[in-house]
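Visitor: Starting off with a structure, shown below.
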Amino acid sequence: MTGKQATRRGPADAASAGDSGFDLIEQGGSRFLALAPFLRLNLAGVDLRPIANVLLAATRRDQDNVLLWLNLATLFFTLGENRLAFAMQAEALARQRLYAVAAARQPAAARLLVIVAPGDLAQNMPIDCLLEDSRIDLLFYFAVADQPLPQPLPEHDAVLVAVAQMAETESLLRALEKALADSGKPVINRPQAIFNVERVTASRLLQGIPGLAMPLTAPVTRAALAAIAAGEATLTRVCADCRFPVILRPIGSHAGHGLEKIEQAQNFSDYLSSVPENEFYISRFIDYQSADGLFRKYRIALVGGIPFIAHMAISSHWMIHYLNAGMYEDEHKRREEACFMDNFPAFAAKHGPALRGIYQRAGLDYFCVDCAETPDGDLLVFEIDHAMVVHAMDSAKRFPHKPRHILKIREAVENLILNPGSP
C-alpha cells in the first residue's frame with residue numbers, strides 16, 4: 001500500500017494486537033490518534049467496526065468533540081467507508097485544523113509541523129506510522145490553498161510537507177511553495193519537488209541514469225485507446241516508447257485499481273468495457289521475472305540520499321502488492337525476504353549509481369522507490385513517491401526480521417529532522 005486502505009490479515013495475527021482496540025475506545029475522544037493505531041489493528045485482522053460503533057455512540061453524547069469526529073474519519077477511511085469518513089472529517093476540520101500527536105518517548109527531541117491535506121488515506125504521507133515510538137512530537141495541520149500554513153504558526157523545529165501529488169492537491173502544493181519559500185525553519189520535502197513523483201514526470205526525469213530502467217509513461221484518453229483498438233491509430237502515436245505488451249492504468253488510481261497488461265490492440269476494447277474512467281497512463285511492460293519464474297518487488301526508502309530496505313514482496317504474478325503477494329501465508333517467502341533485507345547493503349552497492357541518480361533528480365529529502373531487478377541486472381523502477389507507507393506493524397512473530405530494518409529508516413528520518421542537511 002502507499003498510504004492507502006489496508007487489508008485485514010486474519011485471526012492468526014489478531015492476538016498480537018493486544019487490547020484489540022480498547023485503548024482506541026478509551027482515547028478516541030481525548031486525543032488525536034492519527035492512522036497508526038487503526039492500521040496496526042487492521043493489519044492484525046481485528047474487526048474495527050465494533051470500535052467504530054462505540055465511538056459513533058459517543059458522538060451522540062459529545063457532538064462538539066472534534067477529536068472524536070476526526071478519529072472516526074480515519075477509522076472509516078481505513079475501513080474503506082469513504083463517504084462517511086469525508087463527512088466526519090469535514091465536521092472536525094470546520095472547527096479545528098491543527099492536531100497534535102505527542103512523541104512516544106518524552107521529553108521530545110523536536111517538534112515537527114506536518115502539513116497534510118484533507119482527504120482519504122491516499123492524500124498524505126502516513127508519517128506517524130514510521131515515527132511510532134519516536135522522539136518527535138507531531139503537529140498535523142490540515143491545509144487548504146487559501147490558508148496553506150496555520151496562523152499563527154505554532155512553535156516547531158522543522159516542517160514536513162506530507163501532501164501527496166495528485167490533481168486534487170496541485171493548488172495546495174503551489175500555495176505551499178510560496179508560503180514556505182522564506183521559511184525560517186528547515187523544510188523536509190519542498191512542495192515544488194513533490195511534483196517530480198507524478199508518473200509521467202518521473203519517467204522522463206529518470207531517463208539516462210546508468211544502470212536504471214524505467215519505461216516512459218504517457219497520458220492517453222479513452223478515445224485514443226478506442227481508435228487503436230479499431231485500427232484507426234497506432235500505439236506509437238500515443239506513446240512513442242511503447243510496444244506491446246503495455247501497462248495501462250486509470251490516472252489517479254492506486255493499489256493496482258484498473259492496472260492491466262495489454263498484449264495486443266484488440267484487448268483495449270475489453271479493457272475499456274471494464275473501467276469507467278476516461279484518462280489513463282500507458283507505458284511499455286518490462287519483464288522482470290526471475291529465473292525461478294517468480295517476480296520480486298522491493299520498496300527502498302531514500303533518506304537524505306541513503307538507501308534503506310522497507311520490504312520485499314514475492315509473487316507468481318507480475319502485478320505485486322505486498323498485501324496480496326502471499327507474504328503473510330508463506331513462510332519460505334518470509335525467510336527469503338529476511339535474507340534479502342539482512343544482505344541489502346550488497347544490493348544497494350550494486351545499484352548505487354542508479355539510486356544516487358534517483359535521489360539527485362527527485363529533489364526530495366525522503367521518499368520511497370518501488371522497484372525490481374531486470375534479468376540484465378538493471379534496477380527497474382516502477383514509481384517513486386514520498387507518500388508510500390513504511391511501518392513495523394506486522395506481527396513480530398511472523399516477521400521477526402522487519403523491526404530492526406524499519407528502525408534504521410525511522411532513526412534516519414529522526415536525524416533528518418534533528419540535523420537538517422546531514423546524511
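Here's how to read the names in the C-alpha cells: chain A, B, ... by the order shown, residue numbers from 1 in each chain, ligand numbers from 1 in the order shown.
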Fewer than 5 positions away in the same chain doesn't count, so skip those; otherwise give me all residues within 10 Å of A:His156, counting only C-alpha atoms, as a list of chain:residue names.

Guide: A:Ala110, A:Arg111, A:Leu112, A:Leu113, A:Val114, A:Asp137, A:Leu138, A:Leu139, A:Lys185, A:Pro186

Visitor: Okay, now the selection with C-alpha atoms, as a short mmCIF file (atom, residue, chain, number, x, y, z; two decimals), in the first residue's frame?

Guide:
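Heads up, here's the output in selection_9.cif:
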```
data_model
loop_
_atom_site.label_atom_id
_atom_site.label_comp_id
_atom_site.auth_asym_id
_atom_site.auth_seq_id
_atom_site.Cartn_x
_atom_site.Cartn_y
_atom_site.Cartn_z
CA ALA A 110 11.91 18.07 18.35
CA ARG A 111 8.51 19.25 17.20
CA LEU A 112 7.65 18.60 13.56
CA LEU A 113 4.92 20.59 11.81
CA VAL A 114 3.36 18.13 9.33
CA ASP A 137 6.24 15.48 18.57
CA LEU A 138 3.98 15.77 15.52
CA LEU A 139 1.70 18.72 14.80
CA LYS A 185 12.72 26.58 9.73
CA PRO A 186 14.07 23.59 7.77
#
```

Visitor: Return as a PyMOL selection string the full set of residues in stretch 82-302 of chain A whose backbone-based DSSP assignment is strand (DSSP E or B).

Guide: chain A and resi 98-101+110-116+124+136-142+144+147+158-161+163+187-188+212-213+217-221+246-250+260-262+279-284+295-302

Visitor: Name all residues at most 12 Å from A:His332 (count only C-alpha atoms; drop same-chain ones fewer than 3 positions away) and give them as a PyMOL selection string.

Guide: chain A and resi 313-315+326-329+335-339+398-399

Visitor: Could you name the residues that touch A:Asp378 at 9 Å or less, counting only C-alpha atoms, but leaving out those on the same chain fewer than 5 positions away, as a PDB file with N, CA and C atoms, in the first residue's frame?

Guide:
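Contents of part26.pdb, as written:
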```pdb
ATOM      1  N   PRO A 210      22.667   5.704 -15.332  1.00  0.00           N
ATOM      2  CA  PRO A 210      23.354   4.414 -15.528  1.00  0.00           C
ATOM      3  C   PRO A 210      22.775   3.315 -14.641  1.00  0.00           C
ATOM      4  N   GLY A 211      22.511   2.172 -15.261  1.00  0.00           N
ATOM      5  CA  GLY A 211      22.018   1.020 -14.517  1.00  0.00           C
ATOM      6  C   GLY A 211      20.563   1.081 -14.141  1.00  0.00           C
ATOM      7  N   LEU A 212      19.809   2.049 -14.678  1.00  0.00           N
ATOM      8  CA  LEU A 212      18.398   2.193 -14.322  1.00  0.00           C
ATOM      9  C   LEU A 212      17.529   2.003 -15.557  1.00  0.00           C
ATOM     10  N   ALA A 213      16.465   1.238 -15.389  1.00  0.00           N
ATOM     11  CA  ALA A 213      15.476   1.053 -16.454  1.00  0.00           C
ATOM     12  C   ALA A 213      14.133   1.553 -15.952  1.00  0.00           C
ATOM     13  N   HIS A 351      23.539  -1.325  -7.019  1.00  0.00           N
ATOM     14  CA  HIS A 351      22.702  -0.347  -7.723  1.00  0.00           C
ATOM     15  C   HIS A 351      22.951   1.074  -7.227  1.00  0.00           C
ATOM     16  N   ALA A 354      22.440   4.025  -9.756  1.00  0.00           N
ATOM     17  CA  ALA A 354      21.030   4.247 -10.074  1.00  0.00           C
ATOM     18  C   ALA A 354      20.312   4.926  -8.910  1.00  0.00           C
ATOM     19  N   ALA A 372      12.359  -3.268  -9.025  1.00  0.00           N
ATOM     20  CA  ALA A 372      12.715  -4.677  -9.192  1.00  0.00           C
ATOM     21  C   ALA A 372      14.070  -4.719  -9.887  1.00  0.00           C
ATOM     22  N   GLU A 373      14.466  -5.917 -10.282  1.00  0.00           N
ATOM     23  CA  GLU A 373      15.727  -6.081 -10.999  1.00  0.00           C
ATOM     24  C   GLU A 373      15.439  -6.825 -12.292  1.00  0.00           C
TER      25      GLU A 373
END
```

Visitor: Restricting the calculation to only C-alpha atoms, which member of A:Gln89, A:Ser171, A:Ser134, A:Thr59 is positioned closest to A:Glu411?

Guide: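 With only C-alpha atoms as the atom set, the closest residue is A:Ser134.
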
Visitor: Where does DSSP see alpha helix (DSSP H) in stretch 208-272 of chain A, if you list the residues as a VMD selection string?

Guide: chain A and resid 222 to 229 235 to 238 267 to 272

Visitor: Based on the selection just made, write N, CA and C atoms of those residues as a compact mmCIF listing (two decimals), in the first residue's frame.

Guide:
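part.txt was written with the following content:
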```txt
# COMPACT_ATOMS: atom_id res chain seq x y z
N ARG A 222 -9.48 7.70 -23.38
CA ARG A 222 -10.32 6.58 -23.80
C ARG A 222 -10.52 6.59 -25.31
N ALA A 223 -10.74 7.77 -25.88
CA ALA A 223 -10.96 7.86 -27.32
C ALA A 223 -9.74 7.39 -28.09
N ALA A 224 -8.55 7.74 -27.62
CA ALA A 224 -7.33 7.32 -28.32
C ALA A 224 -7.15 5.81 -28.25
N LEU A 225 -7.45 5.21 -27.11
CA LEU A 225 -7.34 3.76 -26.98
C LEU A 225 -8.37 3.06 -27.86
N ALA A 226 -9.56 3.61 -27.94
CA ALA A 226 -10.59 3.03 -28.81
C ALA A 226 -10.17 3.10 -30.26
N ALA A 227 -9.50 4.18 -30.63
CA ALA A 227 -9.03 4.33 -32.00
C ALA A 227 -7.96 3.30 -32.33
N ILE A 228 -7.07 3.02 -31.37
CA ILE A 228 -6.06 1.98 -31.58
C ILE A 228 -6.72 0.62 -31.75
N ALA A 229 -7.70 0.34 -30.88
CA ALA A 229 -8.40 -0.94 -30.96
C ALA A 229 -9.11 -1.12 -32.29
N LEU A 235 -0.18 2.52 -31.82
CA LEU A 235 0.25 2.63 -30.44
C LEU A 235 1.34 3.69 -30.28
N THR A 236 2.29 3.71 -31.20
CA THR A 236 3.40 4.66 -31.08
C THR A 236 2.96 6.10 -31.26
N ARG A 237 1.77 6.29 -31.82
CA ARG A 237 1.27 7.66 -31.97
C ARG A 237 0.94 8.28 -30.61
N VAL A 238 0.45 7.46 -29.68
CA VAL A 238 0.12 7.99 -28.35
C VAL A 238 1.28 7.86 -27.37
N ASN A 267 -7.25 -5.93 -27.41
CA ASN A 267 -7.57 -6.06 -25.99
C ASN A 267 -7.99 -4.74 -25.35
N PHE A 268 -7.69 -3.62 -26.00
CA PHE A 268 -8.10 -2.33 -25.45
C PHE A 268 -9.63 -2.25 -25.32
N SER A 269 -10.34 -2.83 -26.26
CA SER A 269 -11.81 -2.79 -26.22
C SER A 269 -12.34 -3.48 -24.97
N ASP A 270 -11.83 -4.67 -24.66
CA ASP A 270 -12.27 -5.38 -23.46
C ASP A 270 -11.92 -4.59 -22.20
N TYR A 271 -10.73 -4.01 -22.20
CA TYR A 271 -10.30 -3.22 -21.03
C TYR A 271 -11.24 -2.03 -20.82
N LEU A 272 -11.53 -1.29 -21.88
CA LEU A 272 -12.37 -0.09 -21.76
C LEU A 272 -13.79 -0.43 -21.31
```

Visitor: Neighbouring residues of A:Arg361 were defined as those with any atom within 8 Å, considering only C-alpha atoms; residues of the same chain fewer than 3 positions away were excluded. Please report them as a PyMOL selection string.

Guide: chain A and resi 205-206+357-358

Visitor: Atom CA of A:Met319 and atom CA of A:Phe382 are how many Å apart?

Guide: 10.8 Å

Visitor: Under the rule that only C-alpha atoms are counted, which of A:Phe76, A:Phe195, A:Phe244, A:Phe280 is the nearest residue to A:Thr221?

Guide: A:Phe280

Visitor: Hey, which of A:Leu173, A:Leu160, A:Ile136, A:Ile409 ends up closest to A:Pro107? Count only C-alpha atoms.

Guide: A:Ile136

Visitor: Hey, which of A:Pro126, A:Pro420, A:Pro375, A:Pro150 ends up closest to A:Ala291? Count only C-alpha atoms.

Guide: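 That would be A:Pro375, the residue with the smallest distance to A:Ala291.
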
Visitor: I want to know what sits within 10 Å of stretch 257-263 of chain A, based on only C-alpha atoms, with residues of the same chain fewer than 4 positions away left out; could you give that as a count of residues only?

Guide: 28

Visitor: I want to know what sits within 12 Å of A:Thr201, based on only C-alpha atoms, with residues of the same chain fewer than 6 positions away left out; could you give that as number ranges by chain?

Guide: A: 165, 193-195, 207, 214-219, 281, 361-362, 383-385

Visitor: May I ask which of the residues A:Val200, A:Met88, A:Arg190, A:Gln266 is the closest one to A:Gly231, counting only C-alpha atoms?

Guide: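 Of all the options, A:Gln266 lies closest to A:Gly231.
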
Visitor: Restricting the calculation to only C-alpha atoms, which member of A:Val163, A:Ala396, A:Leu364, A:Leu70 is positioned closest to A:Ala87?

Guide: A:Leu70
